[in-house]
$ cat input32.cif   # mmCIF, C-alpha atoms
data_entry
loop_
_atom_site.label_atom_id
_atom_site.label_comp_id
_atom_site.auth_asym_id
_atom_site.auth_seq_id
_atom_site.Cartn_x
_atom_site.Cartn_y
_atom_site.Cartn_z
CA MET A 1 -0.53 47.79 -17.96
CA LEU A 2 0.68 44.58 -19.53
CA ALA A 3 0.01 42.82 -16.25
CA SER A 4 -3.66 43.77 -16.34
CA MET A 5 -3.82 42.71 -19.99
CA PHE A 6 -2.46 39.31 -19.06
CA HIS A 7 -4.85 39.04 -16.11
CA SER A 8 -7.88 39.34 -18.41
CA LEU A 9 -6.41 36.99 -21.01
CA PHE A 10 -5.85 34.47 -18.23
CA ALA A 11 -9.53 34.66 -17.26
CA ILE A 12 -10.83 34.47 -20.84
CA GLY A 13 -8.64 31.41 -21.44
CA SER A 14 -10.52 29.68 -18.66
CA GLN A 15 -13.95 30.82 -19.85
CA LEU A 16 -13.50 29.66 -23.45
CA SER A 17 -12.31 26.26 -22.36
CA PRO A 18 -13.89 23.29 -24.15
CA GLU A 19 -13.20 21.18 -21.06
CA GLN A 20 -14.62 21.33 -17.58
CA GLY A 21 -12.66 22.84 -14.74
CA SER A 22 -9.90 24.48 -16.71
CA SER A 23 -7.51 26.86 -15.01
CA GLY A 24 -6.41 30.03 -16.76
CA ILE A 25 -3.40 30.20 -19.08
CA GLU A 26 -0.51 28.35 -17.48
CA MET A 27 1.94 28.48 -20.32
CA LEU A 28 2.09 30.63 -23.44
CA GLU A 29 4.48 29.70 -26.19
CA THR A 30 6.01 31.81 -28.95
CA ASP A 31 9.06 31.27 -31.09
CA THR A 32 11.29 33.57 -28.98
CA PHE A 33 10.08 32.97 -25.42
CA LYS A 34 7.84 30.91 -23.18
CA LEU A 35 5.69 32.57 -20.55
CA HIS A 36 4.79 30.52 -17.48
CA CYS A 37 2.10 31.60 -15.05
CA PHE A 38 1.40 30.15 -11.65
CA GLN A 39 -1.75 31.26 -9.84
CA THR A 40 -1.94 30.66 -6.10
CA LEU A 41 -5.11 29.91 -4.18
CA THR A 42 -5.23 33.53 -3.07
CA GLY A 43 -5.16 34.81 -6.67
CA ILE A 44 -1.54 35.99 -6.76
CA LYS A 45 -0.01 35.33 -10.16
CA PHE A 46 3.67 34.59 -10.63
CA VAL A 47 4.67 35.14 -14.25
CA VAL A 48 8.05 34.02 -15.62
CA LEU A 49 9.35 34.68 -19.14
CA ALA A 50 12.02 32.21 -20.17
CA ASP A 51 13.81 30.70 -23.13
CA PRO A 52 11.63 28.08 -24.85
CA ARG A 53 14.16 25.37 -24.05
CA GLN A 54 14.54 26.20 -20.36
CA ALA A 55 13.32 23.42 -18.10
CA GLY A 56 12.39 23.38 -14.44
CA ILE A 57 10.20 26.47 -14.53
CA ASP A 58 7.37 24.83 -12.60
CA SER A 59 9.57 24.17 -9.59
CA LEU A 60 11.08 27.63 -9.99
CA LEU A 61 7.61 29.19 -9.78
CA ARG A 62 6.86 27.28 -6.60
CA LYS A 63 10.24 28.30 -5.15
CA ILE A 64 9.44 31.95 -5.92
CA TYR A 65 6.09 31.56 -4.18
CA GLU A 66 7.96 30.20 -1.14
CA ILE A 67 10.41 33.12 -1.18
CA TYR A 68 7.51 35.56 -1.55
CA SER A 69 5.68 34.16 1.44
CA ASP A 70 8.85 33.98 3.55
CA PHE A 71 10.36 37.40 2.84
CA ALA A 72 7.51 39.60 1.70
CA LEU A 73 4.40 38.38 3.51
CA LYS A 74 6.14 37.66 6.79
CA ASN A 75 7.81 41.05 6.71
CA PRO A 76 5.89 43.36 9.10
CA PHE A 77 6.93 46.44 7.12
CA TYR A 78 5.49 45.18 3.85
CA SER A 79 1.91 46.17 3.02
CA LEU A 80 -0.13 43.99 0.67
CA GLU A 81 -0.81 45.12 -2.90
CA MET A 82 2.21 47.45 -2.85
CA PRO A 83 5.40 46.91 -4.86
CA ILE A 84 7.84 44.73 -2.91
CA ARG A 85 10.91 46.60 -1.67
CA CYS A 86 12.35 43.99 0.70
CA GLU A 87 16.07 43.41 0.31
CA LEU A 88 16.00 39.79 1.53
CA PHE A 89 13.23 39.00 -0.96
CA GLU A 90 15.27 40.37 -3.85
CA GLN A 91 18.47 38.62 -2.71
CA ASN A 92 16.85 35.24 -2.38
CA LEU A 93 14.97 35.71 -5.61
CA LYS A 94 18.22 36.43 -7.44
CA LEU A 95 19.77 33.29 -5.94
CA ALA A 96 16.84 31.11 -7.00
CA LEU A 97 17.00 32.50 -10.54
CA GLU A 98 20.73 31.82 -10.76
CA VAL A 99 20.24 28.25 -9.63
CA ALA A 100 17.50 27.73 -12.20
CA GLU A 101 19.62 29.23 -14.96
CA LYS A 102 22.58 27.02 -14.12
CA ALA A 103 20.35 23.97 -14.14
CA GLY A 104 19.41 25.16 -17.62
CA THR A 105 18.07 22.70 -20.14
CA PHE A 106 18.99 19.69 -18.06
CA GLY A 107 16.34 20.41 -15.47
CA PRO A 108 16.75 20.92 -11.73
CA GLY A 109 18.59 18.53 -9.50
CA SER A 110 21.16 17.43 -12.04
CA MET B 1 -5.33 12.61 -27.12
CA THR B 2 -8.04 14.39 -29.00
CA VAL B 3 -9.12 17.50 -30.83
CA HIS B 4 -11.85 19.54 -29.14
CA ASN B 5 -12.74 22.17 -31.72
CA LEU B 6 -11.45 24.33 -34.56
CA TYR B 7 -12.06 27.98 -35.51
CA LEU B 8 -11.15 29.77 -38.71
CA PHE B 9 -11.10 33.60 -38.68
CA ASP B 10 -10.38 36.09 -41.42
CA ARG B 11 -8.52 39.36 -41.02
CA ASN B 12 -11.65 41.27 -40.04
CA GLY B 13 -12.62 38.95 -37.23
CA VAL B 14 -15.36 37.18 -39.17
CA CYS B 15 -15.56 33.55 -38.15
CA LEU B 16 -15.30 31.68 -41.45
CA HIS B 17 -15.73 28.24 -39.98
CA TYR B 18 -16.24 26.49 -36.68
CA SER B 19 -16.51 22.78 -35.95
CA GLU B 20 -16.27 20.74 -32.80
CA TRP B 21 -15.57 17.11 -32.14
CA HIS B 22 -15.29 16.67 -28.40
CA ARG B 23 -16.46 19.59 -26.40
CA LYS B 24 -17.56 19.00 -22.85
CA LYS B 25 -18.26 22.53 -21.74
CA GLN B 26 -19.94 25.40 -23.57
CA ALA B 27 -18.79 28.94 -22.85
CA GLY B 28 -22.13 30.04 -21.44
CA ILE B 29 -22.58 32.76 -24.05
CA SER B 30 -24.06 32.77 -27.56
CA GLN B 31 -21.93 31.44 -30.38
CA GLU B 32 -21.57 34.85 -31.99
CA GLU B 33 -20.31 36.30 -28.72
CA GLU B 34 -17.96 33.39 -28.27
CA PHE B 35 -16.40 34.01 -31.68
CA LYS B 36 -15.94 37.68 -30.87
CA LEU B 37 -14.42 36.85 -27.49
CA MET B 38 -12.06 34.31 -29.02
CA TYR B 39 -10.96 36.69 -31.76
CA GLY B 40 -10.49 39.51 -29.27
CA MET B 41 -8.47 37.29 -26.96
CA LEU B 42 -6.19 36.20 -29.82
CA PHE B 43 -5.75 39.78 -30.98
CA SER B 44 -4.77 40.88 -27.47
CA ILE B 45 -2.41 37.92 -27.02
CA ARG B 46 -0.68 38.83 -30.27
CA SER B 47 -0.11 42.42 -29.27
CA PHE B 48 0.90 41.37 -25.73
CA VAL B 49 3.45 38.93 -27.13
CA SER B 50 4.93 41.48 -29.53
CA LYS B 51 5.41 43.93 -26.64
CA MET B 52 6.85 41.35 -24.24
CA SER B 53 9.21 39.62 -26.62
CA PRO B 54 12.88 40.13 -25.75
CA LEU B 55 13.96 39.42 -29.34
CA ASP B 56 12.57 40.09 -32.79
CA MET B 57 9.86 37.60 -33.53
CA LYS B 58 9.54 35.55 -36.66
CA ASP B 59 6.43 33.47 -36.15
CA GLY B 60 5.00 35.15 -33.09
CA PHE B 61 2.47 33.52 -30.79
CA LEU B 62 2.28 29.76 -31.31
CA ALA B 63 0.20 28.16 -28.58
CA PHE B 64 -0.93 28.38 -25.00
CA GLN B 65 -2.03 25.78 -22.51
CA THR B 66 -4.09 25.65 -19.35
CA SER B 67 -4.49 22.81 -16.91
CA ARG B 68 -7.03 21.09 -19.19
CA TYR B 69 -6.52 22.04 -22.84
CA LYS B 70 -4.06 23.47 -25.30
CA LEU B 71 -4.87 26.09 -27.90
CA HIS B 72 -2.80 26.05 -31.09
CA TYR B 73 -2.64 29.11 -33.32
CA TYR B 74 -1.50 29.67 -36.87
CA GLU B 75 -1.76 32.94 -38.77
CA THR B 76 -1.10 33.49 -42.45
CA PRO B 77 0.35 36.72 -43.89
CA THR B 78 -3.12 37.50 -45.28
CA GLY B 79 -4.61 37.56 -41.80
CA ILE B 80 -6.38 34.18 -41.87
CA LYS B 81 -6.20 32.61 -38.40
CA VAL B 82 -6.51 28.89 -37.75
CA VAL B 83 -7.19 28.06 -34.09
CA MET B 84 -7.39 24.54 -32.76
CA ASN B 85 -8.13 23.39 -29.20
CA THR B 86 -6.73 19.99 -28.31
CA ASP B 87 -5.96 18.20 -25.10
CA LEU B 88 -2.61 18.46 -23.38
CA GLY B 89 -0.90 15.44 -24.89
CA VAL B 90 -0.53 17.06 -28.30
CA GLY B 91 2.81 18.60 -29.33
CA PRO B 92 3.54 21.29 -31.94
CA ILE B 93 1.09 21.00 -34.84
CA ARG B 94 1.96 24.09 -36.85
CA ASP B 95 2.28 22.01 -40.02
CA VAL B 96 -1.18 20.51 -39.46
CA LEU B 97 -2.71 23.97 -39.19
CA HIS B 98 -0.76 25.08 -42.25
CA HIS B 99 -2.14 22.10 -44.15
CA ILE B 100 -5.68 23.03 -43.13
CA TYR B 101 -5.08 26.48 -44.56
CA SER B 102 -3.25 25.61 -47.78
CA ALA B 103 -4.69 22.25 -48.81
CA LEU B 104 -8.23 22.75 -47.56
CA TYR B 105 -9.16 26.41 -47.24
CA VAL B 106 -7.20 27.74 -50.22
CA GLU B 107 -7.99 24.83 -52.49
CA LEU B 108 -11.66 24.40 -51.70
CA VAL B 109 -12.81 27.88 -50.74
CA VAL B 110 -10.52 30.56 -52.14
CA LYS B 111 -10.20 28.89 -55.52
CA ASN B 112 -13.92 28.18 -55.70
CA PRO B 113 -15.64 30.93 -57.74
CA LEU B 114 -18.97 30.16 -56.06
CA CYS B 115 -17.66 30.67 -52.52
CA PRO B 116 -17.85 34.33 -51.47
CA LEU B 117 -14.94 35.36 -49.27
CA GLY B 118 -15.39 37.38 -46.10
CA GLN B 119 -18.30 35.38 -44.79
CA THR B 120 -18.95 31.98 -43.22
CA VAL B 121 -17.97 29.14 -45.51
CA GLN B 122 -21.03 27.33 -46.81
CA SER B 123 -19.20 24.74 -48.87
CA GLU B 124 -20.22 21.24 -47.84
CA LEU B 125 -17.13 19.83 -49.54
CA PHE B 126 -14.87 21.94 -47.36
CA ARG B 127 -16.73 20.86 -44.25
CA SER B 128 -16.56 17.15 -45.04
CA ARG B 129 -12.93 17.20 -46.21
CA LEU B 130 -11.92 19.09 -43.08
CA ASP B 131 -13.79 16.63 -40.90
CA SER B 132 -12.18 13.59 -42.50
CA TYR B 133 -8.75 15.21 -42.35
CA ILE B 134 -9.09 15.94 -38.64
CA ARG B 135 -10.33 12.41 -37.96
CA SER B 136 -7.35 11.00 -39.81
CA LEU B 137 -4.83 12.85 -37.62
CA PRO B 138 -2.69 10.61 -35.41
CA PHE B 139 -3.60 12.49 -32.27
CA PHE B 140 -7.34 12.36 -32.83
CA SER B 141 -9.13 9.58 -31.01
CA ALA B 142 -12.85 8.99 -31.43
CA ARG B 143 -13.17 8.34 -27.74
CA ALA B 144 -12.84 11.63 -25.83
CA GLY B 145 -9.64 11.13 -23.83
#
$ encode --input "input32.cif" --output "structure tokens"
Amino acid sequence: MLASMFHSLFAIGSQLSPEQGSSGIEMLETDTFKLHCFQTLTGIKFVVLADPRQAGIDSLLRKIYEIYSDFALKNPFYSLEMPIRCELFEQNLKLALEVAEKAGTFGPGS
Amino acid sequence: MTVHNLYLFDRNGVCLHYSEWHRKKQAGISQEEEFKLMYGMLFSIRSFVSKMSPLDMKDGFLAFQTSRYKLHYYETPTGIKVVMNTDLGVGPIRDVLHHIYSALYVELVVKNPLCPLGQTVQSELFRSRLDSYIRSLPFFSARAG
């Protein structure tokens, strides 16, 4: 339900833009968390909620997109639009999140 | 670095003030509808944020950004909402929005016995002071950047 709420907010953010060619909401900031959203060319949205000081979320979102296409889309038993129940997807996702957390506020690659 | 536009809403969703400095694209709908859409979007973002937050929130929703602009939000305990769209190079400007509320809106509109509250601000003084304040901000450039 919250996902559909965010989906419409994302679209309205682009419509009310004072500038040409704006995307939807890419980052939403509050005092307790930061929400990052990455929309692919096919309309899939990856949404990450993180600590406001956490760096490297952009590369994390792209890494998650990679993991999604490798383990969910290439899986012949996975049907589109359904919840993902692929073990390899979840394993690799967990690994990517741990790497990002360890990199922490210093950013990736340090 | 520039300011695109500014909205001021009261607690009932009435748009008290709107001004723009550098706006390249209109929303494609009438101004009244745009105000309603903006207010509705902010209302939904606030409730979305309060549901999603992992911890208790103090200030709540602060800002969001897209690939082209950043929207800054400040809400007072009385329900007055100050919304400013700037470009991406601008950092946290909560104190600027607070100044717009306290030094401009409260001083020139609320304390003015001739200004009726709950409707669009007609005061020319408010309009001109707000305009000169925005133009004096360090991140405002006259050339749309």
$ resolve_selection --input "input32.cif" --expression "the PyMOL selection byres ((chain B and resi 90-105) around 7)" --output "PDB file with C-alpha atoms, in the coordinates of the input"
ATOM      1  CA  MET B   1      -5.330  12.610 -27.120  1.00  0.00           C
ATOM      2  CA  TYR B  74      -1.500  29.670 -36.870  1.00  0.00           C
ATOM      3  CA  VAL B  82      -6.510  28.890 -37.750  1.00  0.00           C
ATOM      4  CA  THR B  86      -6.730  19.990 -28.310  1.00  0.00           C
ATOM      5  CA  ASP B  87      -5.960  18.200 -25.100  1.00  0.00           C
ATOM      6  CA  LEU B  88      -2.610  18.460 -23.380  1.00  0.00           C
ATOM      7  CA  GLY B  89      -0.900  15.440 -24.890  1.00  0.00           C
ATOM      8  CA  VAL B 106      -7.200  27.740 -50.220  1.00  0.00           C
ATOM      9  CA  GLU B 107      -7.990  24.830 -52.490  1.00  0.00           C
ATOM     10  CA  LEU B 108     -11.660  24.400 -51.700  1.00  0.00           C
ATOM     11  CA  VAL B 109     -12.810  27.880 -50.740  1.00  0.00           C
ATOM     12  CA  VAL B 110     -10.520  30.560 -52.140  1.00  0.00           C
ATOM     13  CA  PHE B 126     -14.870  21.940 -47.360  1.00  0.00           C
ATOM     14  CA  LEU B 130     -11.920  19.090 -43.080  1.00  0.00           C
ATOM     15  CA  PHE B 139      -3.600  12.490 -32.270  1.00  0.00           C
TER      16      PHE B 139
END
$ residues_around --input "input32.cif" --residues "Val83 in chain B" --least-positions-apart "6" --cutoff "8 Å" --atoms "all atoms listed in the file" --output "VMD selection string"
chain B and resid 6 to 8 71 to 74 97
$ interface_residues --input "input32.cif" --of "chain B" --to "chain A" --cutoff "6 Å" --atoms "all atoms listed in the file" --output "MDAnalysis selection string"
chainID B and resid 23:25 27 60:68
$ write_last_selection --input "input32.cif" --atoms "C-alpha atoms" --output "PDB file, in the coordinates of the input"
ATOM      1  CA  ARG B  23     -16.460  19.590 -26.400  1.00  0.00           C
ATOM      2  CA  LYS B  24     -17.560  19.000 -22.850  1.00  0.00           C
ATOM      3  CA  LYS B  25     -18.260  22.530 -21.740  1.00  0.00           C
ATOM      4  CA  ALA B  27     -18.790  28.940 -22.850  1.00  0.00           C
ATOM      5  CA  GLY B  60       5.000  35.150 -33.090  1.00  0.00           C
ATOM      6  CA  PHE B  61       2.470  33.520 -30.790  1.00  0.00           C
ATOM      7  CA  LEU B  62       2.280  29.760 -31.310  1.00  0.00           C
ATOM      8  CA  ALA B  63       0.200  28.160 -28.580  1.00  0.00           C
ATOM      9  CA  PHE B  64      -0.930  28.380 -25.000  1.00  0.00           C
ATOM     10  CA  GLN B  65      -2.030  25.780 -22.510  1.00  0.00           C
ATOM     11  CA  THR B  66      -4.090  25.650 -19.350  1.00  0.00           C
ATOM     12  CA  SER B  67      -4.490  22.810 -16.910  1.00  0.00           C
ATOM     13  CA  ARG B  68      -7.030  21.090 -19.190  1.00  0.00           C
TER      14      ARG B  68
END
$ atom_distance --input "input32.cif" --atom1 "CA of Phe71 in chain A" --atom2 "CA of Arg85 in chain A"
10.3 Å
$ residues_around --input "input32.cif" --residues "Leu93 in chain A" --least-positions-apart "4" --cutoff "8 Å" --atoms "only C-alpha atoms" --output "list of chain:residue names"
A:Ile64, A:Ile67, A:Phe89, A:Leu97
$ closest_residue --input "input32.cif" --among "B:Glu20, B:Thr2, B:Phe35, B:Gly28" --to "Thr120 in chain B" --atoms "all atoms listed in the file"
B:Phe35
$ atom_distance --input "input32.cif" --atom1 "CA of Glu101 in chain A" --atom2 "CA of Tyr65 in chain A"
17.5 Å
$ closest_residue --input "input32.cif" --among "B:Tyr133, B:Phe48, B:Tyr39, B:Tyr69" --to "Val14 in chain B" --atoms "only C-alpha atoms"
B:Tyr39
$ atom_distance --input "input32.cif" --atom1 "CA of Glu81 in chain A" --atom2 "CA of Val99 in chain A"
27.8 Å
$ resolve_selection --input "input32.cif" --expression "the PyMOL selection byres ((chain B and resi 78) around 12)" --output "JSON, numbers by chain"
{"B": [9, 10, 11, 12, 74, 75, 76, 77, 79, 80, 81, 82, 101, 106]}
$ build_atoms --input "input32.cif" --residues "range 62-75 of chain A" --atoms "N, CA, C and O atoms" --output "CSV table (one decimal), in the frame of the given file"
chain,number,residue,atom,x,y,z
A,62,ARG,N,7.2,27.6,-8.0
A,62,ARG,CA,6.9,27.3,-6.6
A,62,ARG,C,7.9,27.8,-5.6
A,62,ARG,O,7.6,28.2,-4.5
A,63,LYS,N,9.2,27.8,-6.0
A,63,LYS,CA,10.2,28.3,-5.2
A,63,LYS,C,10.0,29.8,-4.9
A,63,LYS,O,10.2,30.3,-3.8
A,64,ILE,N,9.7,30.5,-6.0
A,64,ILE,CA,9.4,32.0,-5.9
A,64,ILE,C,8.3,32.2,-5.0
A,64,ILE,O,8.3,33.2,-4.2
A,65,TYR,N,7.2,31.4,-5.1
A,65,TYR,CA,6.1,31.6,-4.2
A,65,TYR,C,6.5,31.4,-2.7
A,65,TYR,O,6.1,32.2,-1.8
A,66,GLU,N,7.4,30.4,-2.5
A,66,GLU,CA,8.0,30.2,-1.1
A,66,GLU,C,8.7,31.4,-0.7
A,66,GLU,O,8.5,31.9,0.5
A,67,ILE,N,9.6,32.0,-1.5
A,67,ILE,CA,10.4,33.1,-1.2
A,67,ILE,C,9.5,34.3,-0.9
A,67,ILE,O,9.7,35.1,0.0
A,68,TYR,N,8.5,34.5,-1.7
A,68,TYR,CA,7.5,35.6,-1.6
A,68,TYR,C,6.8,35.5,-0.2
A,68,TYR,O,6.8,36.4,0.6
A,69,SER,N,6.4,34.3,0.2
A,69,SER,CA,5.7,34.2,1.4
A,69,SER,C,6.6,34.3,2.6
A,69,SER,O,6.3,34.9,3.7
A,70,ASP,N,7.9,33.9,2.4
A,70,ASP,CA,8.8,34.0,3.6
A,70,ASP,C,9.3,35.4,3.7
A,70,ASP,O,9.4,35.9,4.9
A,71,PHE,N,9.7,36.1,2.7
A,71,PHE,CA,10.4,37.4,2.8
A,71,PHE,C,9.5,38.6,2.6
A,71,PHE,O,9.8,39.7,3.1
A,72,ALA,N,8.4,38.4,1.9
A,72,ALA,CA,7.5,39.6,1.7
A,72,ALA,C,6.3,39.6,2.7
A,72,ALA,O,6.0,40.5,3.4
A,73,LEU,N,5.6,38.4,2.7
A,73,LEU,CA,4.4,38.4,3.5
A,73,LEU,C,4.7,38.4,5.0
A,73,LEU,O,4.0,38.9,5.8
A,74,LYS,N,5.8,37.7,5.4
A,74,LYS,CA,6.1,37.7,6.8
A,74,LYS,C,6.9,38.9,7.3
A,74,LYS,O,7.2,39.1,8.5
A,75,ASN,N,7.1,39.8,6.4
A,75,ASN,CA,7.8,41.0,6.7
A,75,ASN,C,6.8,42.0,7.3
A,75,ASN,O,5.9,42.4,6.5
